[in-house]
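Quick look at input.tsv (TSV, C-alpha atoms):
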```tsv
chain	number	residue	atom	x	y	z
A	288	MET	CA	0.00	0.00	0.00
A	289	ASN	CA	1.33	3.44	-0.88
A	290	THR	CA	2.06	5.79	2.00
A	291	VAL	CA	-0.65	8.40	2.46
A	292	GLN	CA	1.01	11.80	2.54
A	293	LEU	CA	-0.68	13.93	5.17
A	294	GLY	CA	2.08	16.43	5.76
A	295	MET	CA	1.86	20.20	5.72
A	296	PRO	CA	3.83	21.32	2.66
A	297	ALA	CA	5.10	24.86	2.30
A	298	PRO	CA	2.14	26.91	1.09
A	299	VAL	CA	2.10	27.91	-2.55
A	300	LEU	CA	0.19	31.07	-1.72
A	301	PRO	CA	0.83	33.63	1.03
A	302	ASN	CA	-2.64	33.43	2.60
A	303	MET	CA	-2.52	30.17	4.52
A	304	PRO	CA	-4.05	30.53	7.99
A	305	ALA	CA	-1.76	30.19	10.98
A	306	PRO	CA	-2.21	26.86	12.82
A	307	PRO	CA	-3.59	26.88	16.36
A	308	THR	CA	-1.66	26.38	19.55
A	309	ARG	CA	0.95	23.65	19.93
A	310	ARG	CA	-0.46	20.13	19.72
A	311	ARG	CA	-0.85	18.02	22.83
A	312	ALA	CA	2.06	15.62	23.21
A	313	SER	CA	0.93	12.05	22.65
A	314	ARG	CA	2.39	8.71	21.74
A	315	GLN	CA	1.99	7.63	18.13
A	316	VAL	CA	0.32	4.57	16.65
A	317	MET	CA	0.35	3.42	13.04
A	318	VAL	CA	-2.98	2.66	11.44
A	319	GLY	CA	-1.68	0.87	8.39
A	320	ASP	CA	0.62	3.47	6.84
A	321	VAL	CA	-1.14	6.46	8.43
A	322	PRO	CA	0.49	7.76	11.63
A	323	VAL	CA	-1.91	8.88	14.35
A	324	GLY	CA	-0.66	10.95	17.27
A	325	GLY	CA	2.76	12.31	18.01
A	326	ASN	CA	3.52	15.05	15.53
A	327	ALA	CA	1.46	13.48	12.74
A	328	PRO	CA	-1.14	15.68	11.05
A	329	VAL	CA	-4.74	15.20	12.13
A	330	SER	CA	-6.35	12.57	9.90
A	331	VAL	CA	-9.95	12.35	8.70
A	332	GLN	CA	-11.99	9.19	9.06
A	333	SER	CA	-15.41	8.01	8.00
A	334	MET	CA	-17.39	4.77	8.02
A	335	THR	CA	-18.96	2.81	5.20
A	336	THR	CA	-22.74	2.46	5.11
A	337	THR	CA	-22.78	-0.65	2.95
A	338	ARG	CA	-23.11	-4.19	4.27
A	339	THR	CA	-19.50	-5.21	4.73
A	340	SER	CA	-20.37	-8.64	3.37
A	341	ASP	CA	-21.05	-6.94	0.02
A	342	ILE	CA	-17.40	-6.66	-0.91
A	343	ASP	CA	-17.82	-4.85	-4.22
A	344	ALA	CA	-20.21	-2.23	-2.83
A	345	THR	CA	-18.00	-1.64	0.20
A	346	LEU	CA	-14.86	-1.23	-1.89
A	347	GLN	CA	-16.71	1.15	-4.22
A	348	GLN	CA	-17.73	3.32	-1.29
A	349	ILE	CA	-14.20	3.23	0.10
A	350	ALA	CA	-12.93	4.44	-3.28
A	351	GLU	CA	-15.41	7.34	-3.18
A	352	LEU	CA	-14.33	8.23	0.34
A	353	THR	CA	-10.67	8.08	-0.66
A	354	ALA	CA	-11.30	10.43	-3.58
A	355	ALA	CA	-13.05	12.85	-1.19
A	356	GLY	CA	-9.98	13.00	1.07
A	357	CYS	CA	-10.64	10.28	3.64
A	358	HIS	CA	-7.47	8.88	5.23
A	359	ILE	CA	-8.83	5.98	7.30
A	360	VAL	CA	-12.09	4.07	6.88
A	361	ARG	CA	-14.09	1.99	9.35
A	362	VAL	CA	-16.32	-0.94	8.40
A	363	ALA	CA	-18.97	-2.61	10.56
A	364	VAL	CA	-18.61	-6.29	11.46
A	365	PRO	CA	-21.90	-7.39	13.04
A	366	SER	CA	-21.99	-10.89	11.49
A	367	GLN	CA	-19.82	-13.78	10.39
A	368	ASP	CA	-20.48	-12.93	6.74
A	369	ASP	CA	-19.02	-9.49	7.38
A	370	ALA	CA	-16.00	-10.98	9.11
A	371	ASP	CA	-15.47	-13.32	6.17
A	372	ALA	CA	-15.36	-10.33	3.80
A	373	LEU	CA	-12.62	-8.51	5.72
A	374	PRO	CA	-9.57	-10.13	4.08
A	375	ALA	CA	-10.63	-9.05	0.59
A	376	ILE	CA	-11.59	-5.55	1.72
A	377	ALA	CA	-8.43	-4.98	3.73
A	378	ALA	CA	-6.28	-6.19	0.84
A	379	LYS	CA	-7.94	-4.08	-1.86
A	380	SER	CA	-8.76	-0.86	-0.01
A	381	GLN	CA	-6.68	2.15	-0.99
A	382	ILE	CA	-6.66	3.40	2.60
A	383	PRO	CA	-6.30	1.61	5.96
A	384	VAL	CA	-9.39	-0.30	7.12
A	385	ILE	CA	-10.53	-0.40	10.75
A	386	ALA	CA	-12.92	-3.15	11.80
A	387	ASP	CA	-15.73	-1.93	14.05
A	388	ILE	CA	-16.61	-4.61	16.59
A	389	HIS	CA	-19.62	-4.79	18.89
A	390	PHE	CA	-21.15	-7.61	20.95
A	391	GLN	CA	-18.97	-10.52	19.71
A	392	PRO	CA	-15.30	-10.56	20.80
A	393	ARG	CA	-14.49	-13.38	18.37
A	394	TYR	CA	-14.72	-10.87	15.51
A	395	VAL	CA	-11.81	-8.95	17.02
A	396	PHE	CA	-9.57	-11.94	16.31
A	397	ALA	CA	-11.11	-12.38	12.85
A	398	ALA	CA	-10.33	-8.75	12.00
A	399	ILE	CA	-6.72	-9.07	13.16
A	400	ASP	CA	-6.28	-12.27	11.16
A	401	ALA	CA	-7.87	-10.60	8.11
A	402	GLY	CA	-5.17	-7.94	7.95
A	403	CYS	CA	-7.22	-4.97	9.13
A	404	ALA	CA	-5.09	-1.95	10.00
A	405	ALA	CA	-6.77	-1.51	13.40
A	406	VAL	CA	-9.73	-2.69	15.43
A	407	ARG	CA	-12.26	-0.51	17.20
A	408	VAL	CA	-13.95	-2.06	20.22
A	409	ASN	CA	-16.80	-0.71	22.33
A	410	PRO	CA	-16.24	-2.26	25.77
A	411	GLY	CA	-19.68	-1.26	27.01
A	412	ASN	CA	-21.53	-3.65	24.72
A	413	ILE	CA	-19.12	-6.55	24.18
A	414	LYS	CA	-20.11	-9.44	26.41
A	415	LYS	CA	-17.32	-10.47	28.77
A	416	PHE	CA	-14.90	-8.23	26.88
A	417	ASP	CA	-12.60	-7.77	29.87
A	418	ASP	CA	-12.14	-11.53	30.09
A	419	LYS	CA	-10.69	-11.58	26.55
A	420	ILE	CA	-8.20	-8.75	26.88
A	421	ALA	CA	-5.17	-10.97	27.46
A	422	GLN	CA	-5.82	-12.88	24.23
A	423	ILE	CA	-6.68	-9.71	22.29
A	424	ALA	CA	-3.51	-8.00	23.49
A	425	ALA	CA	-1.41	-10.99	22.45
A	426	ALA	CA	-2.99	-11.24	19.01
A	427	ALA	CA	-2.78	-7.48	18.38
A	428	THR	CA	0.84	-7.36	19.52
A	429	SER	CA	1.80	-10.24	17.26
A	430	ALA	CA	0.13	-8.62	14.23
A	431	GLY	CA	1.17	-5.05	15.03
A	432	VAL	CA	-2.46	-3.93	15.06
A	433	PRO	CA	-3.55	-1.01	17.28
A	434	ILE	CA	-6.80	-1.04	19.22
A	435	ARG	CA	-9.19	1.89	19.50
A	436	ILE	CA	-11.12	1.88	22.74
A	437	GLY	CA	-14.31	3.59	21.68
A	438	VAL	CA	-16.52	4.68	24.58
A	439	ASN	CA	-19.97	5.98	23.64
A	440	ALA	CA	-22.51	7.70	25.85
A	441	GLY	CA	-25.27	5.49	24.45
A	442	SER	CA	-23.58	2.22	25.35
A	443	LEU	CA	-21.73	2.99	28.55
A	444	ASP	CA	-21.04	0.12	30.95
A	445	PRO	CA	-24.08	-0.26	33.27
A	446	ARG	CA	-21.80	-0.22	36.29
A	447	LEU	CA	-20.56	3.25	35.42
A	448	LEU	CA	-24.05	4.49	34.66
A	449	ALA	CA	-25.11	3.34	38.10
A	450	LYS	CA	-22.10	5.03	39.71
A	451	HIS	CA	-22.36	8.39	37.92
A	452	GLY	CA	-26.11	8.53	37.28
A	453	HIS	CA	-25.73	9.21	33.55
A	454	ALA	CA	-23.06	9.53	30.89
A	455	THR	CA	-21.03	12.33	32.44
A	456	PRO	CA	-17.59	13.34	31.19
A	457	GLU	CA	-16.15	11.64	34.27
A	458	ALA	CA	-17.99	8.39	33.47
A	459	LEU	CA	-16.75	8.36	29.87
A	460	VAL	CA	-13.16	9.00	30.91
A	461	GLU	CA	-13.28	6.44	33.70
A	462	SER	CA	-14.53	3.79	31.28
A	463	ALA	CA	-11.79	4.49	28.74
A	464	LEU	CA	-8.94	4.59	31.22
A	465	TRP	CA	-10.15	1.44	32.97
A	466	GLU	CA	-10.01	-0.49	29.72
A	467	CYS	CA	-6.59	0.97	28.94
A	468	SER	CA	-5.33	-0.20	32.33
A	469	LEU	CA	-6.42	-3.75	31.54
A	470	PHE	CA	-4.43	-3.71	28.30
A	471	GLU	CA	-1.47	-2.13	30.08
A	472	GLU	CA	-1.41	-5.09	32.46
A	473	HIS	CA	-0.39	-7.13	29.41
A	474	ASP	CA	2.15	-4.52	28.31
A	475	PHE	CA	-0.05	-3.43	25.40
A	476	ARG	CA	-0.12	0.32	24.74
A	477	ASP	CA	-0.75	0.49	21.01
A	478	ILE	CA	-4.03	2.22	21.81
A	479	LYS	CA	-6.05	5.22	20.74
A	480	ILE	CA	-9.15	6.41	22.56
A	481	SER	CA	-12.48	8.05	21.82
A	482	VAL	CA	-15.07	9.22	24.35
A	483	LYS	CA	-18.07	10.30	22.29
A	484	HIS	CA	-21.25	12.05	23.37
A	485	HIS	CA	-24.08	13.64	21.40
A	486	ASP	CA	-23.75	16.87	23.40
A	487	PRO	CA	-20.72	18.90	22.23
A	488	LEU	CA	-20.22	20.47	25.66
A	489	VAL	CA	-20.11	17.11	27.43
A	490	MET	CA	-17.85	15.75	24.72
A	491	ILE	CA	-15.46	18.71	25.03
A	492	ALA	CA	-15.26	18.30	28.79
A	493	ALA	CA	-14.57	14.57	28.47
A	494	TYR	CA	-11.72	15.01	26.00
A	495	ARG	CA	-10.17	17.78	28.07
A	496	GLN	CA	-10.10	15.49	31.09
A	497	LEU	CA	-8.78	12.60	29.05
A	498	ALA	CA	-6.03	14.73	27.52
A	499	GLN	CA	-4.77	15.58	31.00
A	500	ARG	CA	-4.79	12.02	32.27
A	501	CYS	CA	-3.09	10.03	29.51
A	502	ASP	CA	-0.79	10.37	26.52
A	503	TYR	CA	-2.69	8.08	24.15
A	504	PRO	CA	-3.73	9.57	20.79
A	505	LEU	CA	-7.33	10.73	20.77
A	506	HIS	CA	-9.99	10.20	18.10
A	507	LEU	CA	-12.53	13.04	18.21
A	508	GLY	CA	-16.20	12.55	17.51
A	509	VAL	CA	-19.61	13.91	18.43
A	510	THR	CA	-21.67	10.74	18.25
A	511	GLU	CA	-25.18	10.78	16.78
A	512	ALA	CA	-24.57	14.42	15.86
A	513	GLY	CA	-27.69	14.52	13.69
A	514	PRO	CA	-28.63	15.51	10.12
A	515	ARG	CA	-26.15	17.27	7.87
A	516	PHE	CA	-26.72	20.85	9.02
A	517	GLN	CA	-27.06	20.19	12.75
A	518	GLY	CA	-24.27	17.61	12.79
A	519	THR	CA	-21.91	19.90	10.94
A	520	ILE	CA	-22.51	22.70	13.44
A	521	LYS	CA	-22.07	20.42	16.47
A	522	SER	CA	-18.89	18.86	15.09
A	523	ALA	CA	-17.39	22.18	14.01
A	524	ILE	CA	-17.96	23.64	17.47
A	525	ALA	CA	-16.57	20.66	19.37
A	526	PHE	CA	-13.64	19.98	17.07
A	527	GLY	CA	-12.82	23.65	16.72
A	528	VAL	CA	-12.56	24.13	20.48
A	529	LEU	CA	-10.49	21.00	21.09
A	530	LEU	CA	-8.21	21.23	18.08
A	531	ALA	CA	-7.53	24.89	18.82
A	532	GLU	CA	-6.35	23.72	22.25
A	533	GLY	CA	-4.09	21.14	20.61
A	534	ILE	CA	-6.33	18.18	21.56
A	535	GLY	CA	-7.17	15.58	18.93
A	536	ASP	CA	-5.20	13.38	16.54
A	537	THR	CA	-7.86	12.01	14.20
A	538	ILE	CA	-11.51	12.95	13.63
A	539	ARG	CA	-14.79	11.64	12.33
A	540	VAL	CA	-17.76	13.90	11.62
A	541	SER	CA	-20.81	11.73	12.31
A	542	LEU	CA	-23.68	12.85	10.07
A	543	SER	CA	-27.04	11.40	9.06
A	544	ALA	CA	-25.86	11.90	5.51
A	545	PRO	CA	-23.75	10.09	2.90
A	546	PRO	CA	-20.28	9.39	4.34
A	547	VAL	CA	-18.57	11.45	1.64
A	548	GLU	CA	-20.24	14.48	3.23
A	549	GLU	CA	-18.60	13.58	6.55
A	550	VAL	CA	-15.21	13.64	4.87
A	551	LYS	CA	-15.84	16.98	3.18
A	552	VAL	CA	-16.88	18.59	6.45
A	553	GLY	CA	-13.95	17.06	8.33
A	554	ASN	CA	-11.40	18.31	5.86
A	555	GLN	CA	-13.00	21.75	5.79
A	556	ILE	CA	-12.78	21.99	9.58
A	557	LEU	CA	-9.07	21.12	9.47
A	558	GLU	CA	-8.42	23.56	6.63
A	559	SER	CA	-10.25	26.34	8.45
A	560	LEU	CA	-8.06	25.76	11.52
A	561	GLY	CA	-4.85	25.72	9.49
A	562	LEU	CA	-4.28	22.04	10.29
A	563	ARG	CA	-4.41	20.93	6.69
A	564	PRO	CA	-3.30	22.68	3.51
A	565	ARG	CA	-6.13	24.82	2.22
A	566	ARG	CA	-7.75	23.74	-1.02
A	567	LEU	CA	-10.53	25.78	-2.60
A	568	GLU	CA	-11.86	28.58	-0.40
A	569	ILE	CA	-14.79	30.69	-1.54
A	570	VAL	CA	-15.16	34.08	0.13
A	571	SER	CA	-18.68	35.18	-0.72
A	572	CYS	CA	-21.02	37.73	0.79
A	573	PRO	CA	-24.33	36.68	2.39
A	574	SER	CA	-26.18	39.01	0.02
A	575	CYS	CA	-28.33	41.94	1.06
A	576	GLY	CA	-30.44	44.69	-0.42
A	577	ARG	CA	-27.33	46.23	-1.99
A	578	ALA	CA	-26.54	43.14	-4.06
A	579	GLN	CA	-26.85	43.59	-7.80
A	580	VAL	CA	-26.26	39.93	-8.66
A	581	ASP	CA	-27.64	36.58	-7.48
A	582	VAL	CA	-24.75	35.89	-5.11
A	583	TYR	CA	-26.15	32.56	-3.92
A	584	THR	CA	-26.23	31.11	-7.42
A	585	LEU	CA	-22.95	32.70	-8.51
A	586	ALA	CA	-21.07	31.34	-5.49
A	587	GLU	CA	-22.43	27.84	-6.12
A	588	GLN	CA	-21.46	28.03	-9.78
A	589	VAL	CA	-17.91	29.13	-8.95
A	590	THR	CA	-17.59	26.38	-6.34
A	591	ALA	CA	-18.72	23.74	-8.85
A	592	ALA	CA	-16.44	25.08	-11.59
A	593	PHE	CA	-13.34	24.92	-9.35
A	594	GLU	CA	-14.08	21.54	-7.75
A	595	GLY	CA	-10.85	19.53	-7.90
A	596	PHE	CA	-8.70	22.45	-9.08
A	597	PRO	CA	-5.11	21.38	-8.42
A	598	VAL	CA	-3.95	24.64	-6.78
A	599	PRO	CA	-5.38	25.91	-3.46
A	600	LEU	CA	-7.04	29.20	-4.36
A	601	ARG	CA	-9.03	31.73	-2.39
A	602	ILE	CA	-11.74	33.15	-4.63
A	603	ALA	CA	-13.91	36.11	-3.64
A	604	VAL	CA	-17.44	36.26	-5.05
A	605	MET	CA	-18.95	39.60	-4.08
A	606	GLY	CA	-22.29	41.12	-4.99
A	607	CYS	CA	-21.87	44.87	-4.62
A	608	VAL	CA	-19.38	47.73	-4.48
A	609	VAL	CA	-19.37	48.20	-0.68
A	610	ASN	CA	-17.10	45.34	0.44
A	611	GLY	CA	-16.66	43.72	-2.95
A	612	PRO	CA	-13.51	45.43	-4.24
A	613	GLY	CA	-11.72	45.14	-0.89
A	614	GLU	CA	-12.49	41.44	-0.45
A	615	ALA	CA	-11.65	40.70	-4.08
A	616	ARG	CA	-8.27	42.41	-3.69
A	617	GLU	CA	-7.43	40.15	-0.72
A	618	ALA	CA	-8.13	36.97	-2.70
A	619	ASP	CA	-6.11	35.15	-5.34
A	620	LEU	CA	-9.02	35.58	-7.73
A	621	GLY	CA	-12.13	37.63	-7.26
A	622	VAL	CA	-15.14	39.28	-8.78
A	623	SER	CA	-17.01	42.35	-7.63
A	624	SER	CA	-20.39	42.42	-9.37
A	625	GLY	CA	-22.91	45.08	-10.21
A	626	ASN	CA	-25.14	46.39	-13.00
A	627	GLY	CA	-24.97	43.12	-14.93
A	628	LYS	CA	-21.16	43.10	-15.00
A	629	GLY	CA	-18.27	41.78	-12.99
A	630	GLN	CA	-14.89	43.31	-12.28
A	631	ILE	CA	-12.33	40.48	-12.30
A	632	PHE	CA	-9.44	40.75	-9.85
A	633	VAL	CA	-6.23	38.71	-9.90
A	634	ARG	CA	-4.10	39.11	-6.78
A	635	GLY	CA	-5.52	42.53	-6.06
A	636	GLU	CA	-5.44	43.98	-9.56
A	637	ILE	CA	-8.47	44.60	-11.76
A	638	ILE	CA	-7.69	42.90	-15.05
A	639	LYS	CA	-10.99	43.20	-16.91
A	640	THR	CA	-14.73	43.73	-16.69
A	641	VAL	CA	-17.00	41.11	-18.21
A	642	PRO	CA	-20.75	40.55	-18.60
A	643	GLU	CA	-22.37	38.69	-15.71
A	644	HIS	CA	-22.88	35.51	-17.73
A	645	GLN	CA	-19.12	35.30	-18.44
A	646	ILE	CA	-17.92	35.67	-14.83
A	647	VAL	CA	-17.51	31.99	-13.98
A	648	GLN	CA	-15.76	31.03	-17.20
A	649	THR	CA	-13.49	34.07	-17.00
A	650	LEU	CA	-12.40	33.19	-13.47
A	651	LEU	CA	-11.71	29.63	-14.54
A	652	ASP	CA	-9.74	30.74	-17.62
A	653	GLU	CA	-7.63	33.13	-15.56
A	654	ALA	CA	-6.91	30.43	-12.98
A	655	ARG	CA	-5.81	27.93	-15.60
A	656	GLN	CA	-3.46	30.19	-17.51
A	657	ARG	CA	-1.46	31.49	-14.54
A	658	ASP	CA	1.51	30.06	-12.71
A	659	TRP	CA	0.37	30.31	-9.11
A	660	SER	CA	3.71	29.12	-7.75
A	661	LYS	CA	5.21	32.51	-8.56
A	662	PRO	CA	4.85	35.21	-5.91
A	663	SER	CA	2.73	38.22	-6.78
A	664	GLU	CA	4.65	41.22	-8.02
```
Now, as a test, write the supplied structure out as structure tokens.
Amino acid sequence: MNTVQLGMPAPVLPNMPAPPTRRRASRQVMVGDVPVGGNAPVSVQSMTTTRTSDIDATLQQIAELTAAGCHIVRVAVPSQDDADALPAIAAKSQIPVIADIHFQPRYVFAAIDAGCAAVRVNPGNIKKFDDKIAQIAAAATSAGVPIRIGVNAGSLDPRLLAKHGHATPEALVESALWECSLFEEHDFRDIKISVKHHDPLVMIAAYRQLAQRCDYPLHLGVTEAGPRFQGTIKSAIAFGVLLAEGIGDTIRVSLSAPPVEEVKVGNQILESLGLRPRRLEIVSCPSCGRAQVDVYTLAEQVTAAFEGFPVPLRIAVMGCVVNGPGEAREADLGVSSGNGKGQIFVRGEIIKTVPEHQIVQTLLDEARQRDWSKPSE
């Protein structure tokens, strides 16, 4: 498998955002060829929605996720048929595959034997999981496979629910660290942890506590975050707070939406925080009574036209003369619209004025014909 390059190359353009505070120091694990923790860049994960036993459909969805910028993918293993499909999926996937195990500990061993890059276990709903830790630690050590201890508010161990009353941050952290201690008894520390909750504030508090009490890499997630709009807001708030504090080594945006949307949102969050090289950024006004162009439609058209453009550009799409010229001058490319026309800016300079219906194509033509690796004069 080819190494997935997640590094932070020197920016081509001078408008990359500054990264947040220094990252929390953590140990590093390897999920296949993707490093997680330590000084590795924050990686984006998602999960397939296909039946894992349908090998072709699962691999097709993994390919779509890979193309969208996913670095690690998780597949569900609720049945023996799904476990039987793991060797083919792990071998053919372009990115590392994590097996997601609930209820049946025997599937943990099947996933390790199948060549999965990691295994995620939810201790709260695996029967007699603690009794199997010695064997799991031995098998994972032999295969070099890390384990994610994934604690969820909705499936917390009944003993901890009884102790804390409900899924508090303290309960989530106690569950995770207890399971880690059991693995540590067998000298196994190739672990990453998640403590997910549907409430961003509870989730933030749990990860803050966890970050202070261990050095394991942390997988961030707001579980059951909701439909696309609500889930995006919840995840952006929670991840933004934690990542800005240096907490978090890999993320999954959990949406009631196609998994490719999760990947898009996750990458956009990292780009907005300066934790991943910026790709396309559209700076567009919200429109108002001053607008002399349909900004909503124009912004969508520009976004679609530049999808997949190989150079990270900031493009301003402005609808009037109040903020338009200033914002357009700050962008790599820009348009300030009015009276059925658009002034086209390139790196702060007006280069031409075109009819409204030619704006999108003109921006695209200008982008294609320029060498953006050269500094502006």
Distance query A:Val509 at most 8 Å, only C-alpha atoms, self and fewer than 2 positions along chain excluded, as a PyMOL selection string
chain A and resi 483-487+490+507+511-512+521-522+525+540-541
Leaving out stretch 313-323 of chain A and any residue of its chain fewer than 4 positions from it, which residues lie within 7 Å of it when counting all atoms listed in the file, given as a PDB file with C-alpha atoms, in the frame of the given file?
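Result file is out.pdb:
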```pdb
ATOM      1  CA  THR A 290       2.060   5.790   2.000  1.00  0.00           C
ATOM      2  CA  VAL A 291      -0.650   8.400   2.460  1.00  0.00           C
ATOM      3  CA  ALA A 327       1.460  13.480  12.740  1.00  0.00           C
ATOM      4  CA  PRO A 383      -6.300   1.610   5.960  1.00  0.00           C
ATOM      5  CA  ALA A 404      -5.090  -1.950  10.000  1.00  0.00           C
ATOM      6  CA  ALA A 405      -6.770  -1.510  13.400  1.00  0.00           C
ATOM      7  CA  PRO A 433      -3.550  -1.010  17.280  1.00  0.00           C
ATOM      8  CA  ASP A 477      -0.750   0.490  21.010  1.00  0.00           C
ATOM      9  CA  ASP A 502      -0.790  10.370  26.520  1.00  0.00           C
ATOM     10  CA  TYR A 503      -2.690   8.080  24.150  1.00  0.00           C
ATOM     11  CA  PRO A 504      -3.730   9.570  20.790  1.00  0.00           C
ATOM     12  CA  ASP A 536      -5.200  13.380  16.540  1.00  0.00           C
ATOM     13  CA  THR A 537      -7.860  12.010  14.200  1.00  0.00           C
TER      14      THR A 537
END
```
Residue contacts of A:Ala654 (10 Å, all atoms listed in the file) excluding same-chain residues fewer than 2 positions away, as a VMD selection string
chain A and resid 593 596 598 600 619 to 620 633 648 to 652 656 to 659
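One distance worth recording is that between atom CA of A:Val406 and atom CA of A:Ile423, which is 10.3 Å.
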So which residues touch A:Ser429 within 12 Å, counting all atoms listed in the file, skipping near sequence neighbours fewer than 5 positions away, as a PDB file with C-alpha atoms, keeping the file's coordinate frame?
```
ATOM      1  CA  PHE A 396      -9.570 -11.940  16.310  1.00  0.00           C
ATOM      2  CA  ILE A 399      -6.720  -9.070  13.160  1.00  0.00           C
ATOM      3  CA  ASP A 400      -6.280 -12.270  11.160  1.00  0.00           C
ATOM      4  CA  GLY A 402      -5.170  -7.940   7.950  1.00  0.00           C
ATOM      5  CA  GLN A 422      -5.820 -12.880  24.230  1.00  0.00           C
ATOM      6  CA  ILE A 423      -6.680  -9.710  22.290  1.00  0.00           C
ATOM      7  CA  ALA A 424      -3.510  -8.000  23.490  1.00  0.00           C
ATOM      8  CA  PHE A 475      -0.050  -3.430  25.400  1.00  0.00           C
ATOM      9  CA  ASP A 477      -0.750   0.490  21.010  1.00  0.00           C
TER      10      ASP A 477
END
```
Selection: 12 Å around A:Tyr394, only C-alpha atoms, excl. self and same-chain fewer than 5 positions, as JSON, numbers by chain
{"A": [363, 364, 365, 366, 367, 368, 369, 370, 371, 372, 373, 386, 387, 388, 389, 399, 400, 401, 403, 406, 407, 408, 413, 416, 419, 423]}
Export of prior selection with C-alpha atoms as a PDB file, in the coordinates of the input:
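And here is the file that came out, result.pdb:
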```pdb
ATOM      1  CA  ALA A 363     -18.970  -2.610  10.560  1.00  0.00           C
ATOM      2  CA  VAL A 364     -18.610  -6.290  11.460  1.00  0.00           C
ATOM      3  CA  PRO A 365     -21.900  -7.390  13.040  1.00  0.00           C
ATOM      4  CA  SER A 366     -21.990 -10.890  11.490  1.00  0.00           C
ATOM      5  CA  GLN A 367     -19.820 -13.780  10.390  1.00  0.00           C
ATOM      6  CA  ASP A 368     -20.480 -12.930   6.740  1.00  0.00           C
ATOM      7  CA  ASP A 369     -19.020  -9.490   7.380  1.00  0.00           C
ATOM      8  CA  ALA A 370     -16.000 -10.980   9.110  1.00  0.00           C
ATOM      9  CA  ASP A 371     -15.470 -13.320   6.170  1.00  0.00           C
ATOM     10  CA  ALA A 372     -15.360 -10.330   3.800  1.00  0.00           C
ATOM     11  CA  LEU A 373     -12.620  -8.510   5.720  1.00  0.00           C
ATOM     12  CA  ALA A 386     -12.920  -3.150  11.800  1.00  0.00           C
ATOM     13  CA  ASP A 387     -15.730  -1.930  14.050  1.00  0.00           C
ATOM     14  CA  ILE A 388     -16.610  -4.610  16.590  1.00  0.00           C
ATOM     15  CA  HIS A 389     -19.620  -4.790  18.890  1.00  0.00           C
ATOM     16  CA  ILE A 399      -6.720  -9.070  13.160  1.00  0.00           C
ATOM     17  CA  ASP A 400      -6.280 -12.270  11.160  1.00  0.00           C
ATOM     18  CA  ALA A 401      -7.870 -10.600   8.110  1.00  0.00           C
ATOM     19  CA  CYS A 403      -7.220  -4.970   9.130  1.00  0.00           C
ATOM     20  CA  VAL A 406      -9.730  -2.690  15.430  1.00  0.00           C
ATOM     21  CA  ARG A 407     -12.260  -0.510  17.200  1.00  0.00           C
ATOM     22  CA  VAL A 408     -13.950  -2.060  20.220  1.00  0.00           C
ATOM     23  CA  ILE A 413     -19.120  -6.550  24.180  1.00  0.00           C
ATOM     24  CA  PHE A 416     -14.900  -8.230  26.880  1.00  0.00           C
ATOM     25  CA  LYS A 419     -10.690 -11.580  26.550  1.00  0.00           C
ATOM     26  CA  ILE A 423      -6.680  -9.710  22.290  1.00  0.00           C
TER      27      ILE A 423
END
```
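Atom CA of A:Ile385 lies 11.8 Å from atom CA of A:Thr339.
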Nearest-residue call for A:Thr353, choices A:Ala458, A:Ala603, A:Val582, A:Val550, using only C-alpha atoms:
A:Val550
Between atom CA of A:Thr519 and atom CA of A:Leu542, measure the distance and give it in Å to one decimal.
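Atom CA of A:Leu542 lies 7.3 Å from atom CA of A:Thr519.
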